[in-house]
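Asker: I have a structure I would like to understand better, so I am pasting it below and will then ask my questions one at a time.
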Amino acid sequence: MSAPLAVTLEPFRKQLEGVSGQPQKTALEALHHTGLPDRRVEDWKYTSLRFLAGSVFHKPGKNYDSAKARAALAALGLAEGAVAELPRLVFVNGHFVADLSVTKGLFACSFYTADKAEPGSLVRSDREPLAALNTVLAENGVVISVPEGIDAGQVLLVSLGQADSDAVSYHPRHSVHVAKGGKLSLLSVQAGEGHYLHNPVTEVFVAAEAELRHVTLQAESDAAANLSTLYAQIEERGNYDSFVVGIGAALSRHEVHACLAESFAQVHINGVQRLAQTQHGDITSVITHAAPDCISRQTVRNVLDDRARGVFQGKVLVEQIAQKTDGYQMNQALLLSGQAEIDAKPQLEIYADDVKCSHGATVGALDDDQLFYMRSRGVPEGEARQILIDAFLEEVLELIGDETAREVCKTVIARRFPVSEEGA
Amino acid sequence: MSQFLDISGLNARIDADGQEKEILRGVDLVIPPGEVHAIMGPNGSGKSTLSYVLAGREDYEVTSGSVSFQGKDLLEMEPEERAAAGLFLAFQSPVELPGVNNANFLRTAVNAVRRARGQEELDAVNFLKTVRAAAKELGMSPDMLKRNVNVGFSGGEKKRNEVLQMTLLQPSFAILDETDSGLDVDALRIVAEGVKRLRSPQFSALVITHHQRLLEYIVPDRIHVMAKGRIIHSGGPELAQQIDREGYTKFLAEAA
């Protein structure tokens, strides 16, 4: 392994030295070959990883600040109400922390360790360089297996980042397997302080007639990067109902590869992004209809203020065998400032001839008529703007089926974006 | 300047597709406290523009003239400040607010105005009691409070919702911009009753309408004829019948 290190991998030079284990070596080889993607790579045309350059990302130690971690959990609204009662798995800087976790009532859960690493049958380290980076550097992560026919209730998975003067990177590898007829509701919350890279890879298997509700709340530190890759496979009549809320991080990408592998399977990849200042948020998905009679649904709304930039890439691939496919995709953006930007790239590739696939995209500003109407009823401008923004997001947040998860998301969004007195 | 509402030499224009268009050309109008005045006039005479300028819509640029409202310079105030000061505009085409619950919006508006007026805010229970009673008087189904503001409302329902807002915001001066359009006779009567209930020595109104029918229910103290951005004729309530019989031609000829 004497190949020169690609420039884009410089930030990880130290961590990439002395890699052992075969899956890791194979992934590293692929990584050496490609480097991390730049914007000449079609799938990364709108999202640049230049943010990572110039930093040195250290491997974080296991020490953490317990008081800060507890304060962070409270600030996220996870210490009160229904969500406080849930079994929870808390990771700090990618390491599982038993002291902050509650595993009582948790079904079949174990942990990923690098030495007994399975490469994962869905993860494509050869195709996605960030997944390869994860495979090389992953040390920990949770493995949840819901047994056949069991309703495992709800689980909270929290990732907290703690970086001081040194930037750190952590690369957890999670796996969620819901066996035939099983059920699980997973709320994944990602937050932190300081300059770090969180690069999780998650594998999701939803077996026949199983259901997984999965809400991801990405509220990372303003100085952090969150680059998530998720691979999902859904079998006959299975349902993977996912929702992502993106409000944090300087740079984020939520990339989902979902395969509807057997007939009558369903996938929902919905989400909202609420970004400001110079934040960059990317929701990218590839949905493959590989069997007939499957349903895919995707509704994503973006609210972008200041110089924030949102990216939506949604590919729906309907294979020849996938007759009677029912696909729907909608991406909408509300731009609150003249400098905000949305890049939307829907991509339908259909090889079957009897399908129903629709997609659409809208971009707009707050409606002056609506604002004036509300102000003429005495509602101050800042409050009127907030009501319209909330209404725009609310219609999509209603798609979160789990009420506890929905309330956590709403609370965190409201705390991050309080009503301004002045208006814009 | 001791009048309740005093509009003097008001000129306003709008920027329409890069072209500036004068719409108000010297409006003079005085409305004393406790009086209801009506403005009638042909399409495009500037009636709706006048209502928007009074309510503070930013699309219109006031180029000269003044408006004094209860001794204050109305044109200097933000739309929400005008609402707090007691001005209410019932829109000709009420705006839909998808995703905004009607009852919640009403409460937000009522409490914003109460706050600005130095009154105590209403709690949820008291507010609901008040709003339900008011809605019932206007013949509105309770269901309309649960829906989103004006979304999927019929023309008549939208107008009733405007009158409901007006009832709750307790203005001292209301502008009704063609509130009668699109209403059947029964709805018209209910809306007129709503306005009548507000009538008091402390309440004035400006009713903009095309038809004299509404003025049979809300009998105005004065009627003004507006054309080409000015008030060209004023008279008593009998003017409505005259316009209904003869149209505006005579007034337009006199003003020319």
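Naming scheme: A, B, ... for chains in displayed order of the structure tokens; residues 1 onward per chain; ligands 1 onward as shown.
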If we count only C-alpha atoms, which residues of chain A reach to within 7 Å of chain B? Please list them as a CSV table (one decimal) with N, CA and C atoms, in the first residue's frame.
Answerer:
chain,number,residue,atom,x,y,z
A,370,GLN,N,-49.7,37.4,1.5
A,370,GLN,CA,-50.0,36.8,2.7
A,370,GLN,C,-49.4,37.6,3.9
A,372,PHE,N,-48.8,40.8,4.0
A,372,PHE,CA,-49.6,42.1,4.2
A,372,PHE,C,-50.9,41.7,4.9
A,373,TYR,N,-51.5,40.7,4.5
A,373,TYR,CA,-52.8,40.3,5.1
A,373,TYR,C,-52.7,40.1,6.6
A,375,ARG,N,-50.3,41.2,8.6
A,375,ARG,CA,-49.9,42.4,9.3
A,375,ARG,C,-51.1,43.3,9.4
A,376,SER,N,-52.0,43.3,8.4
A,376,SER,CA,-53.1,44.2,8.5
A,376,SER,C,-54.1,43.8,9.6
A,377,ARG,N,-53.9,42.5,10.1
A,377,ARG,CA,-54.6,42.0,11.2
A,377,ARG,C,-53.9,42.2,12.5
A,378,GLY,N,-52.8,43.0,12.5
A,378,GLY,CA,-52.1,43.4,13.7
A,378,GLY,C,-50.9,42.5,14.0
A,379,VAL,N,-50.7,41.5,13.2
A,379,VAL,CA,-49.5,40.6,13.5
A,379,VAL,C,-48.2,41.2,13.1
A,380,PRO,N,-47.3,41.4,14.0
A,380,PRO,CA,-46.0,42.1,13.6
A,380,PRO,C,-45.3,41.3,12.5
A,391,ALA,N,-45.8,27.2,8.8
A,391,ALA,CA,-46.8,26.5,8.1
A,391,ALA,C,-46.3,25.7,6.9
A,392,PHE,N,-45.3,26.3,6.2
A,392,PHE,CA,-44.6,25.6,5.1
A,392,PHE,C,-44.0,24.3,5.5
A,394,GLU,N,-44.6,22.7,8.5
A,394,GLU,CA,-45.6,21.9,9.2
A,394,GLU,C,-46.3,20.9,8.3
A,395,GLU,N,-46.6,21.3,7.1
A,395,GLU,CA,-47.3,20.4,6.2
A,395,GLU,C,-46.5,19.2,5.9
Asker: Return as a ChimeraX atom specification the full set of residues in region 128-287 of chain A whose backbone-based DSSP assignment is strand (DSSP E).
Answerer: /A:142-146,151-162,168-170,173-178,183-193,196-198,201-206,211-219,225-234,239-246,251-260,266-275,280-287
Asker: For region 195-200 of chain B, list every protein, DNA or RNA residue within 8 Å, evaluated using only C-alpha atoms, and leave out those in the same chain fewer than 3 positions away; present the list as an MDAnalysis selection string.
Answerer: chainID B and resid 34 163 167 170 191:192 203:204 218
Asker: As a PyMOL selection string, please: the residues near Pro42 (chain B) (cut-off 12 Å, only C-alpha atoms, same-chain neighbours under 6 positions excluded).
Answerer: chain B and resi 48+208-211+225-232+243+247-249+251-252
Asker: Mind listing the alpha helix (DSSP H) residues of region 58-177 of chain B, per DSSP on the backbone, as a PyMOL selection string?
Answerer: chain B and resi 79-85+102-116+124-137+143-146+155-169
Asker: Taking into account only C-alpha atoms, which residue in the set B:Glu35, B:Asp186, B:Glu22, B:Asp177 is nearest to Asp221 (chain B)?
Answerer: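 Ranked by minimum distance to Asp221 (chain B), first place goes to B:Glu35.
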Asker: Which residues, written as a PyMOL selection string, have at least one atom at most 7 Å from Glu193 (chain A), with only C-alpha atoms counted and residues fewer than 4 positions away on the same chain left out?
Answerer: chain A and resi 161-163+221
Asker: Just give me the gap between CA of Glu349 (chain A) and CA of Leu317 (chain A) in Å, one decimal is fine.
Answerer: 4.8 Å
Asker: I want to know what sits within 12 Å of Ile190 (chain B), based on only C-alpha atoms, with residues of the same chain fewer than 6 positions away left out; could you give that as a list in words?
Answerer: Ala134, Ala135, Lys136, Glu137, Leu138, Gly139, Met140, Gly156, Glu157, Lys159, Arg160, Asn161, Val163, Leu164, Thr179, Asp180, Leu183, Asp184, Lys196, Arg197, Leu214, Tyr217 and Ile218 of chain B
Asker: Taking only C-alpha atoms into account, name the residue in B:Glu121, B:Glu162, B:Glu76, B:Asp15 that is nearest to Gly194 (chain B).
Answerer: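 Checking each of B:Glu121, B:Glu162, B:Glu76, B:Asp15 against Gly194 (chain B), counting only C-alpha atoms, the winner is B:Glu162.
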